[in-house]
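For reference, the structure discussed in these notes is given below.
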Amino acid sequence: MGFLDSVERSLERAVNGAFARTFRSGVQPVEIGSALKRELDIGAVVVDRDRVLTPNRFVVRVSPQDADRLLKMGDTLESELRDIVRKHAARQSYQFLGEPDVEIRADESLTGGVLQVDATQVEGGVNWVGAIDVDGHRYELARGVTVVGRGSDCDIRITDNAASRKHLEIMWDGQSALARDLGSTNGSKIEGQRFREARLQAGSVIMIGQTALRFQLVPGRTAAPRQSSSAATPGRSSAGVDQDFWGAL
């Protein structure tokens, strides 16, 4: 990044911070999508006539209150943002060193309505981790067996009276997941069908009584990427994600 770029970004952060403090606005997905596309363009490096490399890891830092609201949308938002990165890179003929990833993270130093993006180039693929979403909580699966049920000794405890004390187990080997009913009284279902043993795909929903357990593949994250550039943008308040928004990006 050149000296003038650094000066421009510093001025932009100051102006946007003042704007957000004045209007008390909140960061919205549309601002994040725009900031990500900008980081792709700024970070693009021409290697040769047929190869332009661009960042593939993005940490979107927002205020704690904005992070709390955005993260309540679950993995859907981050997944949609990764798709925006892929589509913009394809339109601009950019190439990645590895699979793109986007993470939303709370930053105590930021005011509500301000976002900053840390973009890096990381070689290699994303380390995907199996996870179970239930009742608004996410449980990442350790390699081996995870037991689900009403019992206090279960790895994932649910309060549904239709669940047995040890209802089912989920086996995760780092690549794939298998669910096995442990002879429960009321059984387990996937897509309305009872099963004894079933291979899980990303998005598979296991029903235990009235409780839904959704299997997801989420990026494994151990450390924050190194900062190479950042964008600060004021946001506007809204309650959720407008489904028509994604198609316009």
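FYI, nothing fancy with the structure tokens labels: chains A, B, ... in order, residues from 1 per chain, ligands from 1 as they appear.
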Backbone DSSP call of alpha helix (DSSP H) for range 38-88 of chain A, listed as a ChimeraX atom specification: /A:38-43,64-71,75-88
All residues 10 Å or closer to range 141-156 of chain A, only C-alpha atoms, same chain fewer than 3 positions away omitted, as number ranges by chain: A: 129-132, 134, 138, 159-175, 177-182, 184, 208, 213, 215-217
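Neighbours of range 71-86 of chain A closer than or equal to 7 Å, with only C-alpha atoms counted and sequence neighbours fewer than 4 positions away skipped, come out as Gly33, Leu36, Lys37, Ala67, Ala90, Pro100, Asp101, Val102, Glu103 and Leu249 of chain A.
Comparing A:Asn127, A:Tyr139, A:Thr211, A:Pro64 by their smallest distance to Ser109 in chain A, the closest is A:Pro64 (using only C-alpha atoms).
Every protein or nucleic acid residue with an atom no more than 7 Å from range 50-59 of chain A, counting only C-alpha atoms and leaving out same-chain residues fewer than 2 positions away, appears here: Leu40, Gly43, Ala44, Val45, Val46, Val47, Asp48, Arg61, Tyr94, Gln95, Phe96, Gly98, Glu99, Pro100, Asp101, Val102, Glu103, Ile104, Arg105, Val117, Asp118, Ala119, Thr120, Gln121 and Val122 of chain A.
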Strand (DSSP E or B) positions in range 78-226 of chain A, given as a PyMOL selection string: chain A and resi 95+101-106+114-120+128-134+137-140+144-149+156-157+168-172+177-181+189-190+193-194+197-200+205-208+211-219
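Reported to one decimal place, the separation of CA of Arg69 in chain A from CA of Val30 in chain A is 14.5 Å.
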